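Visitor: One structure, pasted below without further comment.
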Protein chains: 2
Amino acid sequence: MRFDGLKGFRDFYPAEMAFRRWIEDAWQGASRAAGFEEWDGPVLESLELIAAKSGAEIEAQLYAFDDKGGRRVTLRPEMTPTLARMVGARAGGLPKPIKWYCVPQFFRYENPQRGRGREFIQWNVDVIGSDEAAADAEVIAIALDALRRLGLGPEDVRVRLNDRGLLKRKLSQLDVSGDDEAPALACLDKLGRDRSAGARLEELLGVDRAAQVAAWCREFPRDDAAELAPVLQACSEMGVGDFVEPDFTIVRGLAYYTGPVWEIFDRKETLRAVAGGGRYDGLIASLGGPDLPALGFGMGDMVLGELLRERGLAPAEVPRIDTFVVPIGEDMLSAARRVVARLRAAGVAAEAPYRAINVKRALRAADQAGARRAVFVGTDEWADQSVKVRDLASGEERTVPFDELE
Amino acid sequence: MRFDGLKGFRDFYPAEMAFRRWIEDAWQGASRAAGFEEWDGPVLESLELIAAKSGAEIEAQLYAFDDKGGRRVTLRPEMTPTLARMVGARAGGLPKPIKWYCVPQFFRYENPQRGRGREFIQWNVDVIGSDEAAADAEVIAIALDALRRLGLGPEDVRVRLNDRGLLKRKLSQLDVSGDDEAPALACLDKLGRDRSAGARLEELLGVDRAAQVAAWCREFPRDDAAELAPVLQACSEMGVGDFVEPDFTIVRGLAYYTGPVWEIFDRKETLRAVAGGGRYDGLIASLGGPDLPALGFGMGDMVLGELLRERGLAPAEVPRIDTFVVPIGEDMLSAARRVVARLRAAGVAAEAPYRAINVKRALRAADQAGARRAVFVGTDEWADQSVKVRDLASGEERTVPFDELE
């Protein structure tokens, strides 16, 4: 009987796994270069905690169920509720600002499509306990550092930056506030992607005010945008100014953002956002954590993976082993294992076949493994406690005493 | 409102995460030194696939539920079903022997106790397509290599080795076969740990035959144990002979093992097994995969973590950052950010505070971060495009041009 994997879930064969680790290594490297510490939480959380942030309607997208103890639980769809819970549990003992990152897997019951599955890996970077624009700029710079490590520069991607406070101030100047504010923000959020959003904005605000909003979007940020200045300046100082562009249509759907909000897109914008983040000052407290300002972003592996593949970017091929050890005949299998053990103890990735194979096949196997050299273990040399070492690129060979092999 | 994490699930704060990564790095290093390739599968699989291996009774231990599409699914409790599924899907295209490892998280609804939670991380190493004892010895050597990387030697841990073929042969010499075989194996499996197992063996086989089995256990392996010789010899050749001891009571509960079986225990045996593995030649085919010989092992992070902590072993402390950048006054914050960006671009882990702090507090922060040096950005030096660099161990200071900072 043959079984299938679940729709929307990925099998990582070695090639796909190497691609995933390449991305994760870039995330890890960029995080650590900035002094962020790694953390993680459980894959499973109480539904109560997750729903406290996103509302009960998120349940339609959740892998939620009752566990054997009758608890209503869910696979995590994101990390912020867990972050709030964990910071809340130790708030007093953690030096501020808290600079944390994680590389968890998330689960959402959505329709699989290009760049979206039912599971994905997402890099999360958060700062808790700073209300400075320097912190907003720092996390933007970290996101871009990771992209640069993967080979993406300002010609490939850009950060579209806005500010929730600015958005609300501009809307209130048009007497858009209260109940109208949220729907107006939702229209703005979709203005670039969805042609009907403009019509809905007209319906909501009337033709005149909708035209004014559209004009702002076009002119932005020549128009007054004082809220963005500190983040823009700090981004320049952090060396990523050429990536960042103010954009009045970046809203980030989620209600809890309070300050700068931003998304990273490929310049061609054929894909959804590669990353998104912003400041969410009241959220940690609303989830039972301490009342501390906070900000952060998430960058998933799926849209990013699409973009990297589109640009022909891929990890450098890492040889599976460094040294392939070739026993010359059945009798030398045992000696070959001693050679392998010696090499591994010296920190060299080495292997020998489990059974005797002829030299031609051995060299093909060495080549497939990407080996740099072959070590031939033959009766005559071994009688002298030596082996023959061949550089597989140059073909050069020399006899090396077993004791000196490394 | 305060939320709690689920019972049996772990929160990884940075200290716990560093401990986990330390273990995972040892697993990764030992795997790669032996030329094994990393793979991964979905956290969620169909219940049908998981139950095909372990039988329906395993469902009591599973986090199983119906997804929103009405599929009966489960969080993975182990990796072998996924391995069989994935190898089955590409069997023809994969060069043999397949040498794969993975570091997945597993989920089992069990009563949490010391060294056992409802989730754990488990290193899995498998070889598919070799029936040589050299392959059995290699995976044992890899398991021990990882333990050595963590600081555990032959004085700390031992491999208890047996062979299913040997067990069955010895039992059949006593006319124990057919329906009696499985219960007899189950008693043997518990003989070391459970005092009632001896009584049950007497009940099952009669006093005489039970005494003969007990005598074998004591005398083992002076008695005929030819099945173990090739693995023992290859283990010696791989340099891990002093870890390995034949042990007639190692059975591994699971029915599908066919050849060598082994478990790693701490020498004091105060903890459950640190790792366990063996040969399972028919299993891949029974799960819909190709009919290839196979073997492997699993090593979880929880018993191992207990053992490491018991021995006082822990990862070397890695400084959070290398260089702490100190702006001397509010005016220098912007320059400090340029210094940080320069250092990070040069591959140095560096940070500056988001707001101006006095030098005393800055030095305390640098110390807490484990920084090796501080860079002071002051008005006078900055006017000359220079900064002051202090080695925090020696206290030595020198002025360095911004352009030469690295």
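Ordering of the structure tokens sets the chain letters (A, B, ...); residue numbers start at 1 within each chain; ligands are numbered from 1 in the order shown.
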Output as a PyMOL selection string all residues of range 122-217 of chain A that backbone DSSP marks as strand (DSSP E).

Guide: chain A and resi 122-128+157-163

Visitor: Those residues with N, CA and C atoms, as a PDB file, in the first residue's frame please?

Guide:
ATOM      1  N   GLN A 122       9.093  30.406   9.442  1.00  0.00           N
ATOM      2  CA  GLN A 122       9.138  31.873   9.470  1.00  0.00           C
ATOM      3  C   GLN A 122      10.138  32.383  10.487  1.00  0.00           C
ATOM      4  N   TRP A 123      11.027  33.221  10.001  1.00  0.00           N
ATOM      5  CA  TRP A 123      11.978  33.920  10.873  1.00  0.00           C
ATOM      6  C   TRP A 123      11.240  35.067  11.549  1.00  0.00           C
ATOM      7  N   ASN A 124      11.321  35.131  12.861  1.00  0.00           N
ATOM      8  CA  ASN A 124      10.716  36.217  13.629  1.00  0.00           C
ATOM      9  C   ASN A 124      11.789  36.954  14.414  1.00  0.00           C
ATOM     10  N   VAL A 125      11.795  38.254  14.305  1.00  0.00           N
ATOM     11  CA  VAL A 125      12.743  39.078  15.055  1.00  0.00           C
ATOM     12  C   VAL A 125      11.928  40.116  15.819  1.00  0.00           C
ATOM     13  N   ASP A 126      12.141  40.220  17.119  1.00  0.00           N
ATOM     14  CA  ASP A 126      11.364  41.156  17.927  1.00  0.00           C
ATOM     15  C   ASP A 126      12.248  41.903  18.916  1.00  0.00           C
ATOM     16  N   VAL A 127      11.871  43.148  19.155  1.00  0.00           N
ATOM     17  CA  VAL A 127      12.501  43.947  20.208  1.00  0.00           C
ATOM     18  C   VAL A 127      11.397  44.358  21.167  1.00  0.00           C
ATOM     19  N   ILE A 128      11.575  44.063  22.438  1.00  0.00           N
ATOM     20  CA  ILE A 128      10.573  44.430  23.436  1.00  0.00           C
ATOM     21  C   ILE A 128      11.224  45.338  24.463  1.00  0.00           C
ATOM     22  N   VAL A 157      15.082  43.959  -4.148  1.00  0.00           N
ATOM     23  CA  VAL A 157      13.999  44.098  -3.171  1.00  0.00           C
ATOM     24  C   VAL A 157      13.953  45.521  -2.619  1.00  0.00           C
ATOM     25  N   ARG A 158      12.778  45.912  -2.129  1.00  0.00           N
ATOM     26  CA  ARG A 158      12.673  47.209  -1.469  1.00  0.00           C
ATOM     27  C   ARG A 158      11.751  47.093  -0.262  1.00  0.00           C
ATOM     28  N   VAL A 159      11.999  47.978   0.685  1.00  0.00           N
ATOM     29  CA  VAL A 159      11.157  48.057   1.875  1.00  0.00           C
ATOM     30  C   VAL A 159      10.158  49.182   1.656  1.00  0.00           C
ATOM     31  N   ARG A 160       8.881  48.873   1.737  1.00  0.00           N
ATOM     32  CA  ARG A 160       7.847  49.911   1.644  1.00  0.00           C
ATOM     33  C   ARG A 160       7.425  50.254   3.063  1.00  0.00           C
ATOM     34  N   LEU A 161       7.686  51.506   3.431  1.00  0.00           N
ATOM     35  CA  LEU A 161       7.554  51.946   4.825  1.00  0.00           C
ATOM     36  C   LEU A 161       6.402  52.933   4.996  1.00  0.00           C
ATOM     37  N   ASN A 162       5.649  52.734   6.038  1.00  0.00           N
ATOM     38  CA  ASN A 162       4.601  53.681   6.386  1.00  0.00           C
ATOM     39  C   ASN A 162       4.559  53.774   7.911  1.00  0.00           C
ATOM     40  N   ASP A 163       3.588  54.531   8.417  1.00  0.00           N
ATOM     41  CA  ASP A 163       3.457  54.670   9.864  1.00  0.00           C
ATOM     42  C   ASP A 163       1.976  54.752  10.203  1.00  0.00           C
TER      43      ASP A 163
END

Visitor: Show which residues sit within 7 Å of range 73-83 of chain A, as a count of residues only. Count only C-alpha atoms, and ignore same-chain residues fewer than 2 positions away.

Guide: 23

Visitor: Can you list, as a list of chain:residue names, every protein, DNA or RNA residue that comes within 9 Å of Ala345 in chain A when you count only C-alpha atoms, leaving out same-chain residues fewer than 3 positions away?

Guide: A:Val340, A:Ala341, A:Arg342, A:Val348, A:Glu406, B:Ala33, B:Asp145

Visitor: For the alpha helix (DSSP H) assignment from backbone DSSP, which residues of range 38-209 of chain A qualify? Please present them as a PyMOL selection string.

Guide: chain A and resi 47-54+80-90+133-149+164-173+181-190+196-209

Visitor: Could you work out which residues of chain B fall inside 7 Å of chain A? Count only C-alpha atoms, and format the result as an NGL selection string.

Guide: :B and (1-3 or 5-6 or 9-14 or 17 or 32-35 or 37-42 or 45-46 or 49 or 63 or 65 or 67 or 85 or 132 or 134-135 or 237-239 or 287-288 or 320-321 or 334 or 337-338 or 341 or 344 or 348-351 or 354)

Visitor: Can you work out the spacing between CA of Gly192 in chain B and CA of Phe248 in chain B in Å, to one decimal?

Guide: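 Distance between the two atoms: 10.2 Å.
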